[in-house]
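Enquirer: My structure is below; once you've seen it, I'll send some questions.
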Amino acid sequence: MLDRHDPLPGPGGDHRPGPGQAVYGISVAAELAGMGAHSLRLYEQHGLVTPARSTGGTRRYSDDDLARLARIAALAGQGINLAAIARILALEDTNTALADANTALRHSNAALTAERDRLRDTP
């Protein structure tokens, strides 16, 4: 049995949270991201990051959120304004979703082709 101070097991049975599991409060997330908490609030206001909320309303950030914050910081460091960063992130998100859908369709197509070929070969 886990002690109340032990972290919950993550994927694969280890004791680290999964990349999408929101576990970091705003001060910890800000420190890990290398920016101030006010920046995280600003980015949330502009829709660049959407942290989960605890039942009490506290922001909770995941490793995925931290990666997104690093991407935001890199773009801002290149002098890109927040509106343009929002558009870039939206396009990147769309591109990722399309690539994932394309991969799923390729796998489905391969399975259907294999089934068709199997049916053709049966007498």
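Just so we're on the same page: first chain in the structure tokens is A, next is B, and so on; residues restart at 1 for each chain, and ligands are numbered from 1 in the order they show up.
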Tell me which protein, DNA and RNA residues are within 12 Å of Arg71 in chain A, counting only C-alpha atoms, leaving out same-chain ones fewer than 6 positions away, and put them as a tab-separated table (two decimals) with N, CA, C and O atoms, in the first residue's frame.
Expert:
chain	number	residue	atom	x	y	z
A	33	ALA	N	9.53	25.90	-15.87
A	33	ALA	CA	9.50	26.51	-17.20
A	33	ALA	C	10.49	27.65	-17.33
A	33	ALA	O	10.74	28.14	-18.43
A	43	TYR	N	-0.26	33.87	-20.43
A	43	TYR	CA	-0.39	32.90	-21.52
A	43	TYR	C	-1.73	32.19	-21.46
A	43	TYR	O	-2.34	31.90	-22.49
A	48	LEU	N	-3.01	30.43	-24.82
A	48	LEU	CA	-1.85	29.70	-25.30
A	48	LEU	C	-1.63	28.39	-24.55
A	48	LEU	O	-1.06	27.44	-25.08
A	49	VAL	N	-2.06	28.35	-23.30
A	49	VAL	CA	-1.96	27.15	-22.47
A	49	VAL	C	-3.22	27.08	-21.63
A	49	VAL	O	-3.76	28.11	-21.22
A	64	ASP	N	3.18	17.95	-20.41
A	64	ASP	CA	2.79	18.44	-21.74
A	64	ASP	C	2.64	19.96	-21.73
A	64	ASP	O	3.05	20.65	-22.67
A	65	ASP	N	2.05	20.50	-20.65
A	65	ASP	CA	1.93	21.95	-20.52
A	65	ASP	C	3.30	22.61	-20.44
A	65	ASP	O	3.53	23.67	-21.05
A	77	GLY	N	11.02	34.40	-27.60
A	77	GLY	CA	12.43	34.75	-27.66
A	77	GLY	C	12.88	35.16	-29.05
A	77	GLY	O	13.89	35.85	-29.21
A	78	GLN	N	12.13	34.74	-30.06
A	78	GLN	CA	12.42	35.13	-31.44
A	78	GLN	C	11.72	36.44	-31.81
A	78	GLN	O	11.76	36.87	-32.96
A	80	ILE	N	8.39	37.03	-31.55
A	80	ILE	CA	7.05	36.83	-32.09
A	80	ILE	C	6.03	37.24	-31.03
A	80	ILE	O	6.15	36.86	-29.86
A	85	ILE	N	1.98	33.85	-31.87
A	85	ILE	CA	2.30	32.59	-31.18
A	85	ILE	C	1.04	31.72	-31.09
A	85	ILE	O	1.09	30.51	-31.34
A	86	ALA	N	-0.09	32.35	-30.77
A	86	ALA	CA	-1.35	31.60	-30.69
A	86	ALA	C	-1.67	30.94	-32.03
A	86	ALA	O	-2.07	29.78	-32.08
A	88	ILE	N	0.48	30.18	-34.48
A	88	ILE	CA	1.49	29.14	-34.74
A	88	ILE	C	1.16	27.87	-33.97
A	88	ILE	O	1.18	26.77	-34.52
A	89	LEU	N	0.83	28.01	-32.69
A	89	LEU	CA	0.50	26.85	-31.87
A	89	LEU	C	-0.76	26.15	-32.39
A	89	LEU	O	-0.82	24.91	-32.42
A	92	GLU	N	0.27	24.22	-35.43
A	92	GLU	CA	1.04	23.04	-35.03
A	92	GLU	C	0.12	21.96	-34.44
A	92	GLU	O	0.29	20.77	-34.74
Enquirer: Applying 10 Å and only C-alpha atoms, which residues near Ala30 in chain A remain after dropping the ones on its own chain fewer than 2 positions away? List them as a ChimeraX atom specification.
Expert: /A:24-28,32-41,61,66,69
Enquirer: Go ahead and save the residues from that selection, with N, CA and C atoms, as a short mmCIF file (atom, residue, chain, number, x, y, z; two decimals), in the first residue's frame.
Expert:
data_model
loop_
_atom_site.label_atom_id
_atom_site.label_comp_id
_atom_site.auth_asym_id
_atom_site.auth_seq_id
_atom_site.Cartn_x
_atom_site.Cartn_y
_atom_site.Cartn_z
N TYR A 24 1.59 19.81 -11.30
CA TYR A 24 2.40 20.92 -10.81
C TYR A 24 1.54 22.16 -10.57
N GLY A 25 1.70 22.75 -9.39
CA GLY A 25 1.06 24.03 -9.12
C GLY A 25 1.76 25.12 -9.92
N ILE A 26 1.18 26.30 -9.93
CA ILE A 26 1.69 27.38 -10.79
C ILE A 26 3.11 27.78 -10.41
N SER A 27 3.44 27.81 -9.13
CA SER A 27 4.79 28.25 -8.75
C SER A 27 5.83 27.22 -9.18
N VAL A 28 5.53 25.94 -9.04
CA VAL A 28 6.45 24.89 -9.46
C VAL A 28 6.57 24.88 -10.99
N LEU A 32 9.92 25.40 -13.18
CA LEU A 32 10.36 24.40 -14.14
C LEU A 32 10.43 24.97 -15.56
N ALA A 33 9.53 25.90 -15.87
CA ALA A 33 9.50 26.51 -17.20
C ALA A 33 10.49 27.65 -17.33
N GLY A 34 11.05 28.11 -16.20
CA GLY A 34 12.01 29.20 -16.24
C GLY A 34 11.38 30.55 -16.51
N MET A 35 10.17 30.74 -16.01
CA MET A 35 9.48 32.02 -16.20
C MET A 35 8.66 32.32 -14.96
N GLY A 36 8.14 33.51 -14.90
CA GLY A 36 7.34 33.91 -13.74
C GLY A 36 5.92 33.40 -13.81
N ALA A 37 5.29 33.28 -12.65
CA ALA A 37 3.89 32.84 -12.59
C ALA A 37 2.99 33.81 -13.34
N HIS A 38 3.35 35.11 -13.35
CA HIS A 38 2.55 36.09 -14.08
C HIS A 38 2.55 35.79 -15.58
N SER A 39 3.65 35.26 -16.09
CA SER A 39 3.71 34.89 -17.51
C SER A 39 2.76 33.73 -17.80
N LEU A 40 2.72 32.76 -16.89
CA LEU A 40 1.82 31.63 -17.08
C LEU A 40 0.36 32.10 -17.08
N ARG A 41 0.03 33.02 -16.20
CA ARG A 41 -1.34 33.56 -16.17
C ARG A 41 -1.64 34.33 -17.45
N TYR A 61 -0.49 22.06 -13.76
CA TYR A 61 0.20 21.92 -15.03
C TYR A 61 0.78 20.52 -15.17
N LEU A 66 4.23 21.97 -19.72
CA LEU A 66 5.58 22.52 -19.60
C LEU A 66 6.28 22.53 -20.96
N LEU A 69 4.87 25.42 -22.81
CA LEU A 69 5.44 26.67 -22.29
C LEU A 69 6.85 26.89 -22.84
#
Enquirer: What separation in Å, quoted to one decimal, exists between CA of Leu82 in chain A and CA of Thr50 in chain A?
Expert: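 Interatomic distance here is 14.8 Å.
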Enquirer: Name the closest residue to Ser54 in chain A among the candidates A:Gly79, A:Ala110, A:Val23, A:Pro123; distances are taken between atoms, counting only C-alpha atoms.
Expert: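 Closest to Ser54 in chain A of all the choices is A:Val23.
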Enquirer: What does the structure give for the distance between CA of Arg116 in chain A and CA of Ala99 in chain A, in Å to one decimal?
Expert: 25.4 Å
Enquirer: One decimal, in Å: what's the spacing between CA of Arg68 in chain A and CA of Pro17 in chain A?
Expert: 16.9 Å
Enquirer: Could you check the closest approach to Arg87 in chain A for each of A:Arg53, A:Leu75, A:Asp121, A:Gln21 and tell me which residue wins, using only C-alpha atoms?
Expert: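 Going through A:Arg53, A:Leu75, A:Asp121, A:Gln21 one by one, the smallest distance to Arg87 in chain A is for A:Leu75.
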Enquirer: If you run DSSP on this backbone, which residues of chain A come out as alpha helix (DSSP H), and could you give them as number ranges by chain?
Expert: A: 26-33, 37-45, 63-77, 82-121
